[in-house]
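target-v5.txt (compact mmCIF, C-alpha atoms)
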# COMPACT_ATOMS: atom_id res chain seq x y z
CA MET V 1 7.10 -39.25 24.12
CA LYS V 2 10.43 -37.39 24.09
CA ILE V 3 10.40 -37.35 20.28
CA LEU V 4 6.87 -35.86 20.23
CA LYS V 5 7.90 -33.14 22.70
CA SER V 6 11.00 -32.41 20.64
CA ILE V 7 8.98 -32.14 17.41
CA THR V 8 6.38 -29.92 19.11
CA PHE V 9 9.09 -27.65 20.56
CA THR V 10 10.83 -27.40 17.16
CA ALA V 11 7.56 -26.59 15.39
CA LEU V 12 6.72 -23.88 17.94
CA LEU V 13 10.23 -22.45 17.64
CA PHE V 14 9.96 -22.18 13.84
CA LEU V 15 6.49 -20.62 14.17
CA ALA V 16 7.80 -18.04 16.64
CA ILE V 17 10.78 -17.20 14.39
CA GLY V 18 8.46 -16.83 11.37
CA LEU V 19 6.03 -14.57 13.25
CA ASN V 20 8.92 -12.48 14.58
CA ALA V 21 10.34 -12.03 11.05
CA GLN V 22 6.90 -10.96 9.73
CA THR V 23 6.42 -8.58 12.68
CA SER V 24 9.83 -7.05 12.01
CA LYS V 25 9.01 -6.62 8.30
CA ASP V 26 5.64 -5.04 9.16
CA GLN V 27 7.29 -2.67 11.65
CA LYS V 28 9.68 -1.45 8.93
CA ILE V 29 6.78 -0.91 6.51
CA ILE V 30 4.83 0.99 9.21
CA LYS V 31 7.86 3.20 9.93
CA ASP V 32 8.44 3.83 6.19
CA ALA V 33 4.73 4.67 5.70
CA SER V 34 4.86 7.20 8.53
CA LYS V 35 7.94 8.85 7.01
CA ALA V 36 6.29 8.86 3.57
CA LYS V 37 3.16 10.55 4.98
CA ASP V 38 5.28 13.21 6.69
CA LYS V 39 7.16 13.87 3.44
CA LEU V 40 3.94 14.03 1.40
CA MET V 41 2.33 16.44 3.86
CA LYS V 42 5.35 18.77 3.75
CA MET V 43 5.73 18.82 -0.02
CA GLU V 44 2.12 18.77 -1.17
CA VAL V 45 -0.22 21.26 0.49
CA GLY V 46 -3.47 19.82 -0.94
CA LEU V 47 -2.97 16.31 0.44
CA ASP V 48 -3.80 17.35 4.00
CA HIS V 49 -7.43 17.65 2.88
CA PHE V 50 -7.45 14.04 1.65
CA PHE V 51 -5.71 12.74 4.78
CA SER V 52 -8.17 14.54 7.08
CA THR V 53 -11.47 13.96 5.22
CA SER V 54 -11.15 10.50 3.61
CA ALA V 55 -12.79 7.48 5.22
CA GLY V 56 -9.44 5.73 4.94
CA TYR V 57 -6.25 5.42 2.97
CA VAL V 58 -3.38 3.09 2.16
CA ILE V 59 0.23 4.25 2.01
CA PHE V 60 2.62 2.11 -0.01
CA PRO V 61 5.97 3.73 0.86
CA ASN V 62 8.09 1.64 -1.53
CA VAL V 63 6.54 0.36 -4.74
CA GLY V 64 8.97 -1.05 -7.27
CA LYS V 65 7.92 -0.91 -10.93
CA GLY V 66 9.84 -2.18 -13.89
CA GLY V 67 9.57 -3.69 -17.28
CA PHE V 68 10.32 -3.84 -20.95
CA ILE V 69 7.16 -4.71 -22.86
CA ILE V 70 6.19 -7.06 -19.98
CA GLY V 71 6.33 -5.33 -16.63
CA GLY V 72 5.28 -5.55 -13.05
CA ALA V 73 4.96 -3.71 -9.79
CA SER V 74 5.00 -4.80 -6.19
CA GLY V 75 4.81 -3.16 -2.79
CA ASN V 76 3.62 -3.42 0.79
CA GLY V 77 1.63 -0.80 2.64
CA VAL V 78 -0.29 0.26 5.71
CA VAL V 79 -4.09 0.70 5.78
CA TYR V 80 -5.67 3.45 7.89
CA GLU V 81 -9.32 4.05 8.75
CA ASN V 82 -10.20 7.53 10.03
CA GLY V 83 -6.49 8.11 10.63
CA THR V 84 -5.98 4.93 12.71
CA MET V 85 -3.85 2.04 11.48
CA ILE V 86 -6.05 -1.04 10.94
CA GLY V 87 -3.99 -3.40 8.78
CA MET V 88 -1.45 -4.14 6.10
CA ALA V 89 -1.81 -4.44 2.33
CA ASP V 90 0.07 -5.97 -0.59
CA LEU V 91 0.09 -4.53 -4.11
CA LYS V 92 0.81 -6.54 -7.25
CA LYS V 93 0.60 -5.64 -10.92
CA LEU V 94 1.49 -7.42 -14.13
CA SER V 95 1.27 -5.49 -17.38
CA VAL V 96 1.96 -5.96 -21.05
CA GLY V 97 2.38 -3.07 -23.47
CA LEU V 98 4.50 -0.06 -24.29
CA GLN V 99 6.73 0.42 -21.25
CA ALA V 100 10.41 0.58 -20.51
CA GLY V 101 12.56 1.21 -17.46
CA GLY V 102 12.31 0.89 -13.73
CA GLN V 103 11.10 3.14 -10.97
CA ALA V 104 10.57 3.33 -7.22
CA ILE V 105 7.51 5.27 -6.10
CA THR V 106 5.42 6.06 -3.05
CA GLU V 107 1.73 5.44 -3.75
CA VAL V 108 -1.22 6.62 -1.66
CA ILE V 109 -4.81 5.52 -2.24
CA PHE V 110 -7.59 7.51 -0.55
CA PHE V 111 -11.10 6.10 -0.08
CA GLU V 112 -13.90 8.64 -0.17
CA THR V 113 -16.49 6.75 1.90
CA ALA V 114 -16.62 3.95 4.46
CA ALA V 115 -18.25 1.77 1.77
CA ASP V 116 -15.30 2.38 -0.59
CA LEU V 117 -12.86 1.38 2.16
CA ALA V 118 -14.97 -1.68 3.05
CA GLU V 119 -14.81 -2.81 -0.58
CA PHE V 120 -10.99 -2.65 -0.40
CA LYS V 121 -10.94 -4.57 2.90
CA ASP V 122 -13.24 -7.29 1.51
CA GLY V 123 -10.33 -8.52 -0.60
CA ASP V 124 -9.61 -9.05 -4.28
CA TYR V 125 -9.73 -5.28 -4.86
CA GLU V 126 -8.50 -4.25 -8.30
CA PHE V 127 -8.30 -1.03 -10.30
CA SER V 128 -9.93 -0.94 -13.72
CA ALA V 129 -7.57 -0.96 -16.69
CA GLU V 130 -7.85 2.78 -17.34
CA ALA V 131 -7.14 3.91 -13.77
CA SER V 132 -4.18 6.20 -13.28
CA ALA V 133 -2.45 8.05 -10.48
CA VAL V 134 -1.85 11.76 -10.11
CA ALA V 135 1.92 12.21 -10.27
CA LEU V 136 2.70 14.58 -7.42
CA LYS V 137 4.45 17.83 -7.99
CA SER V 138 3.90 21.09 -6.19
CA GLY V 139 0.24 22.16 -6.05
CA VAL V 140 -1.21 19.40 -8.22
CA SER V 141 -3.31 17.74 -5.50
CA VAL V 142 -5.27 20.93 -4.73
CA ASN V 143 -7.54 20.30 -7.73
CA ALA V 144 -7.54 16.48 -7.58
CA LYS V 145 -10.88 14.70 -7.21
CA TYR V 146 -12.14 11.26 -6.29
CA LYS V 147 -13.09 8.97 -9.17
CA ASP V 148 -15.32 6.00 -8.39
CA GLY V 149 -14.68 6.57 -4.67
CA VAL V 150 -10.87 6.60 -4.82
CA ALA V 151 -8.10 9.10 -5.41
CA VAL V 152 -4.60 7.80 -6.14
CA PHE V 153 -1.35 9.76 -5.89
CA ALA V 154 2.17 8.66 -6.82
CA LEU V 155 5.45 10.29 -5.86
CA PRO V 156 8.48 9.10 -7.87
CA LYS V 157 11.44 8.31 -5.61
CA ALA V 158 14.05 7.06 -8.07
CA GLY V 159 14.40 5.77 -11.59
CA LEU V 160 12.65 6.57 -14.82
CA MET V 161 9.77 4.73 -16.41
CA ALA V 162 7.34 5.61 -19.16
CA ASP V 163 4.16 4.48 -17.34
CA ALA V 164 1.80 6.35 -14.97
CA SER V 165 -1.02 3.81 -14.88
CA VAL V 166 -2.25 1.95 -11.83
CA GLY V 167 -4.86 -0.01 -13.80
CA GLY V 168 -4.64 -3.72 -13.19
CA GLN V 169 -3.16 -3.35 -9.72
CA LYS V 170 -4.49 -6.00 -7.35
CA PHE V 171 -4.48 -5.71 -3.57
CA GLU V 172 -4.67 -7.97 -0.59
CA TYR V 173 -5.71 -6.66 2.84
CA LYS V 174 -4.64 -8.20 6.16
CA PRO V 175 -6.22 -6.77 9.35
CA MET V 176 -3.97 -6.06 12.33
CA MET V 177 -3.83 -8.84 14.89
CA LYS V 178 -5.44 -7.78 18.17
Mind turning the file's structure into structure tokens?
Amino acid sequence: MKILKSITFTALLFLAIGLNAQTSKDQKIIKDASKAKDKLMKMEVGLDHFFSTSAGYVIFPNVGKGGFIIGGASGNGVVYENGTMIGMADLKKLSVGLQAGGQAITEVIFFETAADLAEFKDGDYEFSAEASAVALKSGVSVNAKYKDGVAVFALPKAGLMADASVGGQKFEYKPMMK
């Protein structure tokens, strides 16, 4: 009986430590996403329209991209619906082709309608191969438009890479625990 209690206590302790580590990681991502949104709003006048009128959006504050012929990208983000945080998301991409270098970017995906956002939340969401992001620089988002219900913007943070595509990116959505 004592052994069973000890095993149960140990298992619960490891579970609590694991949940605490994930919560801490999520809190950092949430904080970074908030800072990224503030920065984007200050530097890019046209984005306020997307933030205020979209059905939802995902902010990936730190996406790492890199490769030489074979490349990849990875990042974690926060999902918002009508301006309210509703969950977390993971981004993954594997690519083969003409590419070289490494880069850190902030990526924002806006969903035009509730149905577009629902499709993202359903899971296994993926951009088509030809999808690309609008690289942000002053004034560029004013004329940007949704394509197939989404608008994607990327802000380079550091590094240099010859690749502006988001095609082939896959996403996983995790709703917030209530």
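For the choices V:Ile109, V:Asp90, V:Tyr80, V:Asp48, the atom-to-atom distance to Ala154 of chain V is smallest for V:Ile109 when using only C-alpha atoms.
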Contact residues around Val79 of chain V with all atoms listed in the file at 10 Å, ignoring same-chain residues under 6 positions, as a PyMOL selection string: chain V and resi 30+33+56-60+85-89+108-110+117+120-121+173-176
With C-alpha atoms retained, export the selected residues as a tab-separated table (two decimals), in the coordinates of the input.
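out16.tsv written:
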chain	number	residue	atom	x	y	z
V	30	ILE	CA	4.83	0.99	9.21
V	33	ALA	CA	4.73	4.67	5.70
V	56	GLY	CA	-9.44	5.73	4.94
V	57	TYR	CA	-6.25	5.42	2.97
V	58	VAL	CA	-3.38	3.09	2.16
V	59	ILE	CA	0.23	4.25	2.01
V	60	PHE	CA	2.62	2.11	-0.01
V	85	MET	CA	-3.85	2.04	11.48
V	86	ILE	CA	-6.05	-1.04	10.94
V	87	GLY	CA	-3.99	-3.40	8.78
V	88	MET	CA	-1.45	-4.14	6.10
V	89	ALA	CA	-1.81	-4.44	2.33
V	108	VAL	CA	-1.22	6.62	-1.66
V	109	ILE	CA	-4.81	5.52	-2.24
V	110	PHE	CA	-7.59	7.51	-0.55
V	117	LEU	CA	-12.86	1.38	2.16
V	120	PHE	CA	-10.99	-2.65	-0.40
V	121	LYS	CA	-10.94	-4.57	2.90
V	173	TYR	CA	-5.71	-6.66	2.84
V	174	LYS	CA	-4.64	-8.20	6.16
V	175	PRO	CA	-6.22	-6.77	9.35
V	176	MET	CA	-3.97	-6.06	12.33
V:Leu155, V:Leu91, V:Ala144, V:Ile105 ranked by distance to Tyr125 of chain V, top pick (using all atoms listed in the file): V:Leu91
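Proximity ranking of V:Phe111, V:Phe153, V:Phe171, V:Phe50 relative to Ala73 of chain V places V:Phe171 first, based on all atoms listed in the file.
Atom CA of Val152 of chain V lies 16.9 Å from atom CA of Ala115 of chain V.
Computed from the coordinates, the atom CA of Gly149 of chain V to atom CA of Asp116 of chain V distance equals 5.9 Å.
If all atoms listed in the file are the atoms counted, then among V:Ser95, V:Ser54, V:Ser74, V:Asn62 the closest residue to Lys31 of chain V is V:Asn62.
For the set V:Gly75, V:Leu47, V:Ser34, V:Tyr146, the residue with the smallest atom-to-atom gap to Val63 of chain V is V:Gly75, counting all atoms listed in the file.
Of the listed residues (V:Ser52, V:Asp148, V:Gln169, V:Gly46), V:Gln169 comes nearest to Gly71 of chain V; the distances count only C-alpha atoms.
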State, in Å with one decimal place, the distance from atom CA of Gln103 of chain V to atom CA of Ile70 of chain V. 14.5 Å
Extract, using all atoms listed in the file, all DNA, RNA and protein residues at most 6 Å from Ala55 of chain V, discarding same-chain residues fewer than 5 positions from it, and format them as a compact mmCIF listing (two decimals) with C-alpha atoms, keeping the file's coordinate frame.
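Result saved to result-v8.txt:
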# COMPACT_ATOMS: atom_id res chain seq x y z
CA ASN V 82 -10.20 7.53 10.03
CA PHE V 111 -11.10 6.10 -0.08
CA GLU V 112 -13.90 8.64 -0.17
CA THR V 113 -16.49 6.75 1.90
CA ALA V 114 -16.62 3.95 4.46
Rebuild segment 80-91 of chain V to all heavy atoms - output it as a PDB file, in the frame of the given file, please.
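result_2.pdb, written as the output of this step:
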ATOM      1  N   TYR V  80      -5.170   2.613   6.800  1.00  0.00           N
ATOM      2  CA  TYR V  80      -5.670   3.450   7.890  1.00  0.00           C
ATOM      3  C   TYR V  80      -7.162   3.694   7.685  1.00  0.00           C
ATOM      4  O   TYR V  80      -7.624   3.869   6.556  1.00  0.00           O
ATOM      5  CB  TYR V  80      -4.973   4.811   7.890  1.00  0.00           C
ATOM      6  CG  TYR V  80      -3.479   4.731   8.105  1.00  0.00           C
ATOM      7  CD1 TYR V  80      -2.617   4.496   7.044  1.00  0.00           C
ATOM      8  CD2 TYR V  80      -2.931   4.893   9.377  1.00  0.00           C
ATOM      9  CE1 TYR V  80      -1.247   4.422   7.235  1.00  0.00           C
ATOM     10  CE2 TYR V  80      -1.563   4.818   9.578  1.00  0.00           C
ATOM     11  CZ  TYR V  80      -0.724   4.590   8.507  1.00  0.00           C
ATOM     12  OH  TYR V  80       0.631   4.509   8.697  1.00  0.00           O
ATOM     13  N   GLU V  81      -7.905   3.703   8.783  1.00  0.00           N
ATOM     14  CA  GLU V  81      -9.320   4.050   8.750  1.00  0.00           C
ATOM     15  C   GLU V  81      -9.512   5.205   9.726  1.00  0.00           C
ATOM     16  O   GLU V  81      -9.151   5.095  10.904  1.00  0.00           O
ATOM     17  CB  GLU V  81     -10.185   2.860   9.155  1.00  0.00           C
ATOM     18  CG  GLU V  81     -11.658   3.112   9.063  1.00  0.00           C
ATOM     19  CD  GLU V  81     -12.485   1.842   9.243  1.00  0.00           C
ATOM     20  OE1 GLU V  81     -11.952   0.801   9.690  1.00  0.00           O
ATOM     21  OE2 GLU V  81     -13.678   1.898   8.922  1.00  0.00           O
ATOM     22  N   ASN V  82     -10.042   6.324   9.222  1.00  0.00           N
ATOM     23  CA  ASN V  82     -10.200   7.530  10.030  1.00  0.00           C
ATOM     24  C   ASN V  82      -8.914   7.895  10.763  1.00  0.00           C
ATOM     25  O   ASN V  82      -8.929   8.275  11.937  1.00  0.00           O
ATOM     26  CB  ASN V  82     -11.362   7.372  11.019  1.00  0.00           C
ATOM     27  CG  ASN V  82     -12.682   7.191  10.312  1.00  0.00           C
ATOM     28  OD1 ASN V  82     -12.972   7.877   9.335  1.00  0.00           O
ATOM     29  ND2 ASN V  82     -13.484   6.239  10.776  1.00  0.00           N
ATOM     30  N   GLY V  83      -7.784   7.739  10.085  1.00  0.00           N
ATOM     31  CA  GLY V  83      -6.490   8.110  10.630  1.00  0.00           C
ATOM     32  C   GLY V  83      -5.840   7.088  11.553  1.00  0.00           C
ATOM     33  O   GLY V  83      -4.727   7.298  12.030  1.00  0.00           O
ATOM     34  N   THR V  84      -6.509   5.969  11.816  1.00  0.00           N
ATOM     35  CA  THR V  84      -5.980   4.930  12.710  1.00  0.00           C
ATOM     36  C   THR V  84      -5.557   3.714  11.893  1.00  0.00           C
ATOM     37  O   THR V  84      -6.319   3.225  11.053  1.00  0.00           O
ATOM     38  CB  THR V  84      -7.059   4.508  13.732  1.00  0.00           C
ATOM     39  OG1 THR V  84      -7.466   5.659  14.473  1.00  0.00           O
ATOM     40  CG2 THR V  84      -6.529   3.449  14.686  1.00  0.00           C
ATOM     41  N   MET V  85      -4.365   3.208  12.181  1.00  0.00           N
ATOM     42  CA  MET V  85      -3.850   2.040  11.480  1.00  0.00           C
ATOM     43  C   MET V  85      -4.717   0.820  11.806  1.00  0.00           C
ATOM     44  O   MET V  85      -4.961   0.524  12.973  1.00  0.00           O
ATOM     45  CB  MET V  85      -2.406   1.780  11.894  1.00  0.00           C
ATOM     46  CG  MET V  85      -1.770   0.612  11.182  1.00  0.00           C
ATOM     47  SD  MET V  85      -0.018   0.362  11.554  1.00  0.00           S
ATOM     48  CE  MET V  85       0.074   0.658  13.292  1.00  0.00           C
ATOM     49  N   ILE V  86      -5.185   0.132  10.731  1.00  0.00           N
ATOM     50  CA  ILE V  86      -6.050  -1.040  10.940  1.00  0.00           C
ATOM     51  C   ILE V  86      -5.518  -2.309  10.292  1.00  0.00           C
ATOM     52  O   ILE V  86      -6.038  -3.394  10.540  1.00  0.00           O
ATOM     53  CB  ILE V  86      -7.487  -0.786  10.439  1.00  0.00           C
ATOM     54  CG1 ILE V  86      -7.489  -0.482   8.938  1.00  0.00           C
ATOM     55  CG2 ILE V  86      -8.167   0.304  11.242  1.00  0.00           C
ATOM     56  CD1 ILE V  86      -8.857  -0.568   8.298  1.00  0.00           C
ATOM     57  N   GLY V  87      -4.482  -2.192   9.429  1.00  0.00           N
ATOM     58  CA  GLY V  87      -3.990  -3.400   8.780  1.00  0.00           C
ATOM     59  C   GLY V  87      -2.872  -3.127   7.792  1.00  0.00           C
ATOM     60  O   GLY V  87      -2.375  -2.008   7.680  1.00  0.00           O
ATOM     61  N   MET V  88      -2.519  -4.186   7.088  1.00  0.00           N
ATOM     62  CA  MET V  88      -1.450  -4.140   6.100  1.00  0.00           C
ATOM     63  C   MET V  88      -2.034  -4.527   4.745  1.00  0.00           C
ATOM     64  O   MET V  88      -3.068  -5.179   4.670  1.00  0.00           O
ATOM     65  CB  MET V  88      -0.326  -5.109   6.477  1.00  0.00           C
ATOM     66  CG  MET V  88       0.249  -4.921   7.882  1.00  0.00           C
ATOM     67  SD  MET V  88       1.033  -3.320   8.146  1.00  0.00           S
ATOM     68  CE  MET V  88       2.503  -3.501   7.142  1.00  0.00           C
ATOM     69  N   ALA V  89      -1.337  -4.117   3.681  1.00  0.00           N
ATOM     70  CA  ALA V  89      -1.810  -4.440   2.330  1.00  0.00           C
ATOM     71  C   ALA V  89      -0.630  -4.784   1.436  1.00  0.00           C
ATOM     72  O   ALA V  89       0.487  -4.309   1.645  1.00  0.00           O
ATOM     73  CB  ALA V  89      -2.581  -3.257   1.750  1.00  0.00           C
ATOM     74  N   ASP V  90      -0.911  -5.619   0.443  1.00  0.00           N
ATOM     75  CA  ASP V  90       0.070  -5.970  -0.590  1.00  0.00           C
ATOM     76  C   ASP V  90      -0.463  -5.476  -1.923  1.00  0.00           C
ATOM     77  O   ASP V  90      -1.661  -5.551  -2.183  1.00  0.00           O
ATOM     78  CB  ASP V  90       0.268  -7.485  -0.670  1.00  0.00           C
ATOM     79  CG  ASP V  90       0.897  -8.065   0.571  1.00  0.00           C
ATOM     80  OD1 ASP V  90       1.721  -7.392   1.192  1.00  0.00           O
ATOM     81  OD2 ASP V  90       0.544  -9.211   0.919  1.00  0.00           O
ATOM     82  N   LEU V  91       0.435  -5.004  -2.770  1.00  0.00           N
ATOM     83  CA  LEU V  91       0.090  -4.530  -4.110  1.00  0.00           C
ATOM     84  C   LEU V  91       0.860  -5.356  -5.118  1.00  0.00           C
ATOM     85  O   LEU V  91       2.061  -5.580  -4.943  1.00  0.00           O
ATOM     86  CB  LEU V  91       0.485  -3.051  -4.214  1.00  0.00           C
ATOM     87  CG  LEU V  91       0.418  -2.329  -5.543  1.00  0.00           C
ATOM     88  CD1 LEU V  91       0.305  -0.835  -5.289  1.00  0.00           C
ATOM     89  CD2 LEU V  91       1.580  -2.593  -6.452  1.00  0.00           C
TER      90      LEU V  91
END
